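Notes follow once the structure below has been shown.
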Amino acid sequence: MARFLAMMSKRALITGITGQDGSYLAELLLDKGYDVYAIVRRASTTNYWRIEHLLDRIHLHPADLLDQLSIIRVIEHVRPHELYNLAAMSFVPASWDQPMLTGEFNAQGVTRVLEAVRQVDPSIRIYQASSSEMFGKVREVPQTELTAFYPRSPYGVSKVFAHYITVNYRESYDLFAVSGILFNHESPRRGLEFVTRKVTDGVARIKLGIADSLSLGNLDARRDWGFAGDYVRAMWLMLQQDRADDYVIATGKSHSVRELVDVAFARAGLDWQKFVTLDPKFLRPAEVDHLIGDAAKARNALGWQPEVDFHGLVTMMVDADVERVSRQSAVSSKG
């Protein structure tokens, strides 16, 4: 019996698997021999493009962070060893347009997940996706796990609630619940509404003659940008520890949007100043300050460090978008 149990795969349940992080995390867990299950929302149309290559290897279950009973049913059915809660209203500017819905998903949705685990099986290890947006109007540079939060958007506020309710359930019910305070992490799978993909997609379209300009907001905004594939590895490491704790995950290096634009256009052999225009409508009502993380705790306790640097990340994204847009253009011309 002991040998049989040792041969059984670990089961992981992921919310938000159709997003950037969820797709990379699913790949990582499958490579480690996990049985991967995921919660997906019922919808008239599917958004599986990031996980199409995984659909024959993962198990999808309909549920919703707004409906606790559906969460409980999935957890009862799957009985995961690890649960990664990545689902969220994640586009910061949209949180001003839908602040109530943002709170329902990002704050109360997390509470529903934690409570479902407490009721069904408190031994399940839980990862909660926190965010550097919680720091907002930063109190110190760089930011660590002990830096005070001062969120500057409904998104940031909702993530602070989620972070502290995770801590509260850990301390109140002895759950193995951790929060990863992840700074900006990007990839070719990032949504087109985010500035990194907006830039690299715009570069691709200009390079291929499909567009002739790119409109942006604050070029001086600075972020600590890393590669999503590196960051999901940190999520997994957090749940392999003997003690539950929270960790900042970051590169420790910040770059401006202007630098992002410069590297991206240079990769395509273009001068960005000939194509980029500034549009006030892309400015945030309240901009965050200098976000740059200190991941010393993660390096020391988890043995984690990023493998892809800023230049490598932007180059990867530009190359992927040029290939994608070129392929789409070829298909359109044939049609």
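To be explicit about the labels: the chains of the structure tokens are called A, B, and onward in the order shown, and within each one the residues are counted from 1, while ligands get numbers from 1 in the order they are shown.
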(request) Within range 90-144 of chain A, find each residue whose DSSP state, derived from the backbone, is strand (DSSP E or B), and express the selection as a PyMOL selection string. (result) chain A and resi 125-131+143
Selection: 9 Å around range 185-195 of chain A, only C-alpha atoms, excl. self and same-chain fewer than 2 positions, as an mmCIF file with all heavy atoms, in the first residue's frame:
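In the end it all went to around_31.cif:
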data_model
loop_
_atom_site.group_PDB
_atom_site.id
_atom_site.type_symbol
_atom_site.label_atom_id
_atom_site.label_comp_id
_atom_site.auth_asym_id
_atom_site.auth_seq_id
_atom_site.Cartn_x
_atom_site.Cartn_y
_atom_site.Cartn_z
ATOM 1 N N GLY A 19 -5.425 32.064 -17.973
ATOM 2 C CA GLY A 19 -4.601 33.263 -18.013
ATOM 3 C C GLY A 19 -3.135 32.938 -18.255
ATOM 4 O O GLY A 19 -2.731 31.776 -18.336
ATOM 5 N N GLN A 20 -2.343 33.985 -18.357
ATOM 6 C CA GLN A 20 -0.898 33.832 -18.589
ATOM 7 C C GLN A 20 -0.248 32.937 -17.537
ATOM 8 O O GLN A 20 0.373 31.914 -17.863
ATOM 9 C CB GLN A 20 -0.232 35.205 -18.559
ATOM 10 C CG GLN A 20 1.284 35.157 -18.515
ATOM 11 C CD GLN A 20 1.923 36.504 -18.242
ATOM 12 O OE1 GLN A 20 2.478 37.101 -19.137
ATOM 13 N NE2 GLN A 20 1.849 36.977 -17.002
ATOM 14 N N ASP A 21 -0.402 33.278 -16.270
ATOM 15 C CA ASP A 21 0.263 32.527 -15.204
ATOM 16 C C ASP A 21 -0.264 31.100 -15.112
ATOM 17 O O ASP A 21 0.494 30.155 -14.888
ATOM 18 C CB ASP A 21 0.081 33.228 -13.861
ATOM 19 C CG ASP A 21 0.821 34.549 -13.788
ATOM 20 O OD1 ASP A 21 1.392 34.972 -14.807
ATOM 21 O OD2 ASP A 21 0.822 35.165 -12.703
ATOM 22 N N SER A 23 -1.418 29.173 -17.412
ATOM 23 C CA SER A 23 -0.921 28.292 -18.478
ATOM 24 C C SER A 23 0.515 27.860 -18.214
ATOM 25 O O SER A 23 0.866 26.683 -18.387
ATOM 26 C CB SER A 23 -1.028 28.997 -19.837
ATOM 27 O OG SER A 23 -0.191 30.129 -19.912
ATOM 28 N N ARG A 50 -4.400 29.945 -24.656
ATOM 29 C CA ARG A 50 -3.132 29.758 -23.951
ATOM 30 C C ARG A 50 -2.917 28.302 -23.524
ATOM 31 O O ARG A 50 -1.794 27.908 -23.225
ATOM 32 C CB ARG A 50 -3.066 30.647 -22.706
ATOM 33 C CG ARG A 50 -3.031 32.149 -22.990
ATOM 34 C CD ARG A 50 -2.916 32.915 -21.679
ATOM 35 N NE ARG A 50 -2.892 34.359 -21.861
ATOM 36 C CZ ARG A 50 -3.975 35.137 -21.856
ATOM 37 N NH1 ARG A 50 -5.167 34.586 -21.681
ATOM 38 N NH2 ARG A 50 -3.863 36.439 -22.018
ATOM 39 N N PHE A 91 -6.744 43.340 -14.829
ATOM 40 C CA PHE A 91 -6.324 44.525 -15.592
ATOM 41 C C PHE A 91 -6.592 45.759 -14.737
ATOM 42 O O PHE A 91 -7.748 46.144 -14.533
ATOM 43 C CB PHE A 91 -7.065 44.593 -16.916
ATOM 44 C CG PHE A 91 -6.606 45.710 -17.816
ATOM 45 C CD1 PHE A 91 -5.247 45.934 -18.046
ATOM 46 C CD2 PHE A 91 -7.528 46.537 -18.432
ATOM 47 C CE1 PHE A 91 -4.818 46.961 -18.872
ATOM 48 C CE2 PHE A 91 -7.105 47.563 -19.268
ATOM 49 C CZ PHE A 91 -5.756 47.780 -19.490
ATOM 50 N N LEU A 182 3.850 39.104 -6.171
ATOM 51 C CA LEU A 182 4.569 39.103 -7.445
ATOM 52 C C LEU A 182 4.591 40.489 -8.076
ATOM 53 O O LEU A 182 3.543 41.147 -8.201
ATOM 54 C CB LEU A 182 3.920 38.111 -8.420
ATOM 55 C CG LEU A 182 4.436 36.664 -8.340
ATOM 56 C CD1 LEU A 182 4.335 36.090 -6.945
ATOM 57 C CD2 LEU A 182 3.703 35.792 -9.348
ATOM 58 N N PHE A 183 5.776 40.909 -8.460
ATOM 59 C CA PHE A 183 5.899 42.135 -9.232
ATOM 60 C C PHE A 183 5.590 41.803 -10.699
ATOM 61 O O PHE A 183 5.362 40.651 -11.058
ATOM 62 C CB PHE A 183 7.296 42.733 -9.045
ATOM 63 C CG PHE A 183 7.421 43.491 -7.746
ATOM 64 C CD1 PHE A 183 7.321 42.834 -6.526
ATOM 65 C CD2 PHE A 183 7.624 44.862 -7.745
ATOM 66 C CE1 PHE A 183 7.396 43.520 -5.323
ATOM 67 C CE2 PHE A 183 7.710 45.559 -6.549
ATOM 68 C CZ PHE A 183 7.594 44.899 -5.334
ATOM 69 N N ARG A 197 2.580 43.938 -23.784
ATOM 70 C CA ARG A 197 2.088 43.325 -25.010
ATOM 71 C C ARG A 197 1.588 44.380 -25.991
ATOM 72 O O ARG A 197 1.684 44.216 -27.212
ATOM 73 C CB ARG A 197 0.960 42.336 -24.723
ATOM 74 C CG ARG A 197 1.383 40.921 -24.413
ATOM 75 C CD ARG A 197 2.184 40.213 -25.486
ATOM 76 N NE ARG A 197 1.563 40.135 -26.804
ATOM 77 C CZ ARG A 197 0.522 39.379 -27.135
ATOM 78 N NH1 ARG A 197 -0.086 38.630 -26.235
ATOM 79 N NH2 ARG A 197 0.074 39.366 -28.362
ATOM 80 N N LYS A 198 1.021 45.456 -25.477
ATOM 81 C CA LYS A 198 0.575 46.541 -26.365
ATOM 82 C C LYS A 198 1.762 47.068 -27.159
ATOM 83 O O LYS A 198 1.663 47.313 -28.368
ATOM 84 C CB LYS A 198 -0.056 47.673 -25.553
ATOM 85 C CG LYS A 198 -0.569 48.825 -26.408
ATOM 86 C CD LYS A 198 -1.231 49.889 -25.556
ATOM 87 C CE LYS A 198 -1.731 51.027 -26.444
ATOM 88 N NZ LYS A 198 -2.391 52.093 -25.656
ATOM 89 N N VAL A 199 2.904 47.199 -26.479
ATOM 90 C CA VAL A 199 4.111 47.694 -27.152
ATOM 91 C C VAL A 199 4.645 46.668 -28.141
ATOM 92 O O VAL A 199 4.911 46.989 -29.308
ATOM 93 C CB VAL A 199 5.197 48.062 -26.115
ATOM 94 C CG1 VAL A 199 6.544 48.289 -26.803
ATOM 95 C CG2 VAL A 199 4.779 49.304 -25.338
ATOM 96 N N THR A 200 4.814 45.425 -27.707
ATOM 97 C CA THR A 200 5.429 44.439 -28.607
ATOM 98 C C THR A 200 4.516 44.079 -29.779
ATOM 99 O O THR A 200 4.986 43.864 -30.896
ATOM 100 C CB THR A 200 5.838 43.161 -27.842
ATOM 101 O OG1 THR A 200 4.696 42.557 -27.230
ATOM 102 C CG2 THR A 200 6.864 43.495 -26.765
ATOM 103 N N ASP A 201 3.204 44.062 -29.540
ATOM 104 C CA ASP A 201 2.261 43.846 -30.639
ATOM 105 C C ASP A 201 2.290 45.038 -31.593
ATOM 106 O O ASP A 201 2.262 44.872 -32.829
ATOM 107 C CB ASP A 201 0.848 43.646 -30.088
ATOM 108 C CG ASP A 201 -0.191 43.532 -31.180
ATOM 109 O OD1 ASP A 201 -0.248 42.477 -31.848
ATOM 110 O OD2 ASP A 201 -0.967 44.499 -31.382
ATOM 111 N N LEU A 216 0.584 55.675 -26.459
ATOM 112 C CA LEU A 216 0.876 55.249 -25.090
ATOM 113 C C LEU A 216 0.601 56.372 -24.103
ATOM 114 O O LEU A 216 0.363 57.523 -24.511
ATOM 115 C CB LEU A 216 2.340 54.799 -24.974
ATOM 116 C CG LEU A 216 2.757 53.583 -25.803
ATOM 117 C CD1 LEU A 216 4.263 53.392 -25.742
ATOM 118 C CD2 LEU A 216 2.036 52.328 -25.305
ATOM 119 N N ASP A 224 9.162 46.793 -12.180
ATOM 120 C CA ASP A 224 10.107 45.692 -12.024
ATOM 121 C C ASP A 224 9.522 44.531 -12.826
ATOM 122 O O ASP A 224 8.658 43.808 -12.352
ATOM 123 C CB ASP A 224 10.206 45.354 -10.529
ATOM 124 C CG ASP A 224 11.232 44.272 -10.227
ATOM 125 O OD1 ASP A 224 11.489 43.437 -11.111
ATOM 126 O OD2 ASP A 224 11.740 44.244 -9.095
ATOM 127 N N TRP A 225 9.995 44.372 -14.073
ATOM 128 C CA TRP A 225 9.410 43.404 -14.997
ATOM 129 C C TRP A 225 10.227 42.108 -15.042
ATOM 130 O O TRP A 225 11.445 42.133 -15.231
ATOM 131 C CB TRP A 225 9.360 43.966 -16.416
ATOM 132 C CG TRP A 225 8.174 44.835 -16.711
ATOM 133 C CD1 TRP A 225 6.861 44.498 -16.605
ATOM 134 C CD2 TRP A 225 8.196 46.194 -17.176
ATOM 135 N NE1 TRP A 225 6.062 45.546 -16.984
ATOM 136 C CE2 TRP A 225 6.846 46.603 -17.342
ATOM 137 C CE3 TRP A 225 9.220 47.091 -17.485
ATOM 138 C CZ2 TRP A 225 6.504 47.871 -17.783
ATOM 139 C CZ3 TRP A 225 8.878 48.363 -17.931
ATOM 140 C CH2 TRP A 225 7.531 48.741 -18.075
ATOM 141 N N GLY A 226 9.551 40.963 -14.902
ATOM 142 C CA GLY A 226 10.200 39.669 -15.030
ATOM 143 C C GLY A 226 9.415 38.769 -15.967
ATOM 144 O O GLY A 226 8.372 39.163 -16.512
ATOM 145 N N PHE A 227 9.891 37.559 -16.138
ATOM 146 C CA PHE A 227 9.267 36.577 -17.041
ATOM 147 C C PHE A 227 8.315 35.679 -16.261
ATOM 148 O O PHE A 227 8.694 35.077 -15.252
ATOM 149 C CB PHE A 227 10.352 35.745 -17.721
ATOM 150 C CG PHE A 227 9.835 34.597 -18.540
ATOM 151 C CD1 PHE A 227 8.834 34.775 -19.484
ATOM 152 C CD2 PHE A 227 10.357 33.323 -18.369
ATOM 153 C CE1 PHE A 227 8.349 33.717 -20.239
ATOM 154 C CE2 PHE A 227 9.887 32.253 -19.122
ATOM 155 C CZ PHE A 227 8.880 32.451 -20.051
ATOM 156 N N ALA A 228 7.088 35.558 -16.740
ATOM 157 C CA ALA A 228 6.066 34.786 -16.036
ATOM 158 C C ALA A 228 6.492 33.338 -15.803
ATOM 159 O O ALA A 228 6.173 32.746 -14.764
ATOM 160 C CB ALA A 228 4.750 34.830 -16.816
ATOM 161 N N GLY A 229 7.204 32.750 -16.742
ATOM 162 C CA GLY A 229 7.651 31.372 -16.579
ATOM 163 C C GLY A 229 8.560 31.192 -15.379
ATOM 164 O O GLY A 229 8.546 30.137 -14.721
ATOM 165 N N ASP A 230 9.356 32.220 -15.068
ATOM 166 C CA ASP A 230 10.198 32.178 -13.869
ATOM 167 C C ASP A 230 9.353 32.298 -12.600
ATOM 168 O O ASP A 230 9.625 31.656 -11.578
ATOM 169 C CB ASP A 230 11.209 33.326 -13.888
ATOM 170 C CG ASP A 230 12.338 33.109 -14.883
ATOM 171 O OD1 ASP A 230 12.599 31.946 -15.248
ATOM 172 O OD2 ASP A 230 12.951 34.107 -15.304
ATOM 173 N N TYR A 231 8.315 33.125 -12.673
ATOM 174 C CA TYR A 231 7.549 33.449 -11.468
ATOM 175 C C TYR A 231 6.642 32.305 -11.025
ATOM 176 O O TYR A 231 6.403 32.133 -9.822
ATOM 177 C CB TYR A 231 6.750 34.738 -11.691
ATOM 178 C CG TYR A 231 7.620 35.980 -11.630
ATOM 179 C CD1 TYR A 231 8.880 35.996 -12.218
ATOM 180 C CD2 TYR A 231 7.193 37.127 -10.993
ATOM 181 C CE1 TYR A 231 9.689 37.120 -12.164
ATOM 182 C CE2 TYR A 231 7.992 38.257 -10.932
ATOM 183 C CZ TYR A 231 9.245 38.247 -11.514
ATOM 184 O OH TYR A 231 10.044 39.356 -11.460
ATOM 185 N N ALA A 250 10.458 39.117 -7.410
ATOM 186 C CA ALA A 250 10.807 40.248 -8.267
ATOM 187 C C ALA A 250 12.229 40.074 -8.786
ATOM 188 O O ALA A 250 12.985 39.234 -8.300
ATOM 189 C CB ALA A 250 10.700 41.550 -7.469
ATOM 190 N N VAL A 257 8.751 52.623 -18.952
ATOM 191 C CA VAL A 257 8.050 52.279 -20.188
ATOM 192 C C VAL A 257 8.865 52.756 -21.377
ATOM 193 O O VAL A 257 8.907 52.107 -22.422
ATOM 194 C CB VAL A 257 6.635 52.892 -20.193
ATOM 195 C CG1 VAL A 257 5.940 52.637 -21.535
ATOM 196 C CG2 VAL A 257 5.802 52.341 -19.047
ATOM 197 N N LEU A 313 13.494 39.240 -22.004
ATOM 198 C CA LEU A 313 12.037 39.178 -21.961
ATOM 199 C C LEU A 313 11.422 39.969 -23.111
ATOM 200 O O LEU A 313 10.556 39.465 -23.842
ATOM 201 C CB LEU A 313 11.536 39.732 -20.622
ATOM 202 C CG LEU A 313 10.041 39.943 -20.483
ATOM 203 C CD1 LEU A 313 9.295 38.619 -20.554
ATOM 204 C CD2 LEU A 313 9.717 40.679 -19.173
ATOM 205 N N VAL A 314 11.861 41.205 -23.288
ATOM 206 C CA VAL A 314 11.299 42.053 -24.347
ATOM 207 C C VAL A 314 11.608 41.470 -25.719
ATOM 208 O O VAL A 314 10.749 41.443 -26.611
ATOM 209 C CB VAL A 314 11.827 43.502 -24.226
ATOM 210 C CG1 VAL A 314 11.277 44.365 -25.362
ATOM 211 C CG2 VAL A 314 11.460 44.099 -22.873
ATOM 212 N N MET A 316 12.097 38.316 -26.464
ATOM 213 C CA MET A 316 11.226 37.145 -26.618
ATOM 214 C C MET A 316 9.828 37.553 -27.073
ATOM 215 O O MET A 316 9.236 36.945 -27.969
ATOM 216 C CB MET A 316 11.149 36.410 -25.275
ATOM 217 C CG MET A 316 10.166 35.251 -25.231
ATOM 218 S SD MET A 316 9.648 34.836 -23.523
ATOM 219 C CE MET A 316 11.226 34.605 -22.710
ATOM 220 N N MET A 317 9.303 38.599 -26.442
ATOM 221 C CA MET A 317 7.942 39.023 -26.730
ATOM 222 C C MET A 317 7.824 39.652 -28.114
ATOM 223 O O MET A 317 6.855 39.412 -28.843
ATOM 224 C CB MET A 317 7.464 39.987 -25.649
ATOM 225 C CG MET A 317 7.316 39.337 -24.282
ATOM 226 S SD MET A 317 6.849 40.494 -22.960
ATOM 227 C CE MET A 317 5.196 40.970 -23.484
ATOM 228 N N VAL A 318 8.800 40.455 -28.510
ATOM 229 C CA VAL A 318 8.779 41.057 -29.855
ATOM 230 C C VAL A 318 8.858 39.969 -30.919
ATOM 231 O O VAL A 318 8.087 39.954 -31.886
ATOM 232 C CB VAL A 318 9.927 42.069 -30.021
ATOM 233 C CG1 VAL A 318 10.050 42.502 -31.494
ATOM 234 C CG2 VAL A 318 9.717 43.287 -29.138
ATOM 235 N N ASP A 319 9.783 39.046 -30.744
ATOM 236 C CA ASP A 319 9.942 37.965 -31.733
ATOM 237 C C ASP A 319 8.654 37.155 -31.874
ATOM 238 O O ASP A 319 8.237 36.801 -32.983
ATOM 239 C CB ASP A 319 11.092 37.048 -31.337
ATOM 240 C CG ASP A 319 12.456 37.711 -31.468
ATOM 241 O OD1 ASP A 319 12.526 38.819 -32.025
ATOM 242 O OD2 ASP A 319 13.454 37.122 -30.996
ATOM 243 N N ALA A 320 8.019 36.857 -30.738
ATOM 244 C CA ALA A 320 6.786 36.067 -30.770
ATOM 245 C C ALA A 320 5.664 36.832 -31.460
ATOM 246 O O ALA A 320 4.887 36.253 -32.234
ATOM 247 C CB ALA A 320 6.374 35.686 -29.353
ATOM 248 N N ASP A 321 5.574 38.136 -31.210
ATOM 249 C CA ASP A 321 4.504 38.922 -31.830
ATOM 250 C C ASP A 321 4.744 39.140 -33.321
ATOM 251 O O ASP A 321 3.798 39.134 -34.112
ATOM 252 C CB ASP A 321 4.336 40.256 -31.100
ATOM 253 C CG ASP A 321 3.396 40.150 -29.911
ATOM 254 O OD1 ASP A 321 2.459 39.336 -29.972
ATOM 255 O OD2 ASP A 321 3.578 40.875 -28.926
#
(message) With only C-alpha atoms as the counted atoms, please give the residues lying no more than 12 Å from Asp242 in chain A, apart from itself and same-chain residues fewer than 3 positions off, as an MDAnalysis selection string.
(response) chainID A and resid 125 176:178 237:239 245 301:302
Those selected residues, please, written with C-alpha atoms and delivered as a short mmCIF file (atom, residue, chain, number, x, y, z; two decimals), in the first residue's frame.
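What landed in result-v9.cif:
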data_model
loop_
_atom_site.label_atom_id
_atom_site.label_comp_id
_atom_site.auth_asym_id
_atom_site.auth_seq_id
_atom_site.Cartn_x
_atom_site.Cartn_y
_atom_site.Cartn_z
CA ARG A 125 -1.97 23.75 0.57
CA PHE A 176 -1.01 26.11 4.85
CA ALA A 177 -1.88 29.29 2.93
CA VAL A 178 0.78 31.48 1.35
CA LEU A 237 8.39 26.38 -4.43
CA MET A 238 6.31 28.24 -1.81
CA LEU A 239 4.03 25.23 -1.41
CA ASP A 245 4.93 32.16 4.60
CA ALA A 301 14.49 30.47 1.68
CA LEU A 302 13.27 29.07 -1.65
#
(message) Between CA of Thr315 in chain A and CA of Ile249 in chain A, what is the distance in Å, rounded to a tenth?
(response)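 Separation of CA of Thr315 in chain A and CA of Ile249 in chain A: 21.6 Å.
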(message) Which residues are near Val157 in chain A? Cut-off 10 Å, only C-alpha atoms, ignore same chain within fewer than 3 positions. Put them as a list in words.
(response)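 Close residues of Val157 in chain A: Ser95, Pro99, Thr102, Gly103, Asn106, Ala107, Glu133, Met134, Phe135, Gly136, Phe149, Tyr150, Pro151, Arg152, Ser153, Pro154, Val160, Phe161, Ala162 and His163 of chain A.
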(message) Quick check for you: according to DSSP on this backbone, which residues of range 23-115 of chain A are classed as alpha helix (DSSP H)? Reply as a count of residues only.
(response) 36
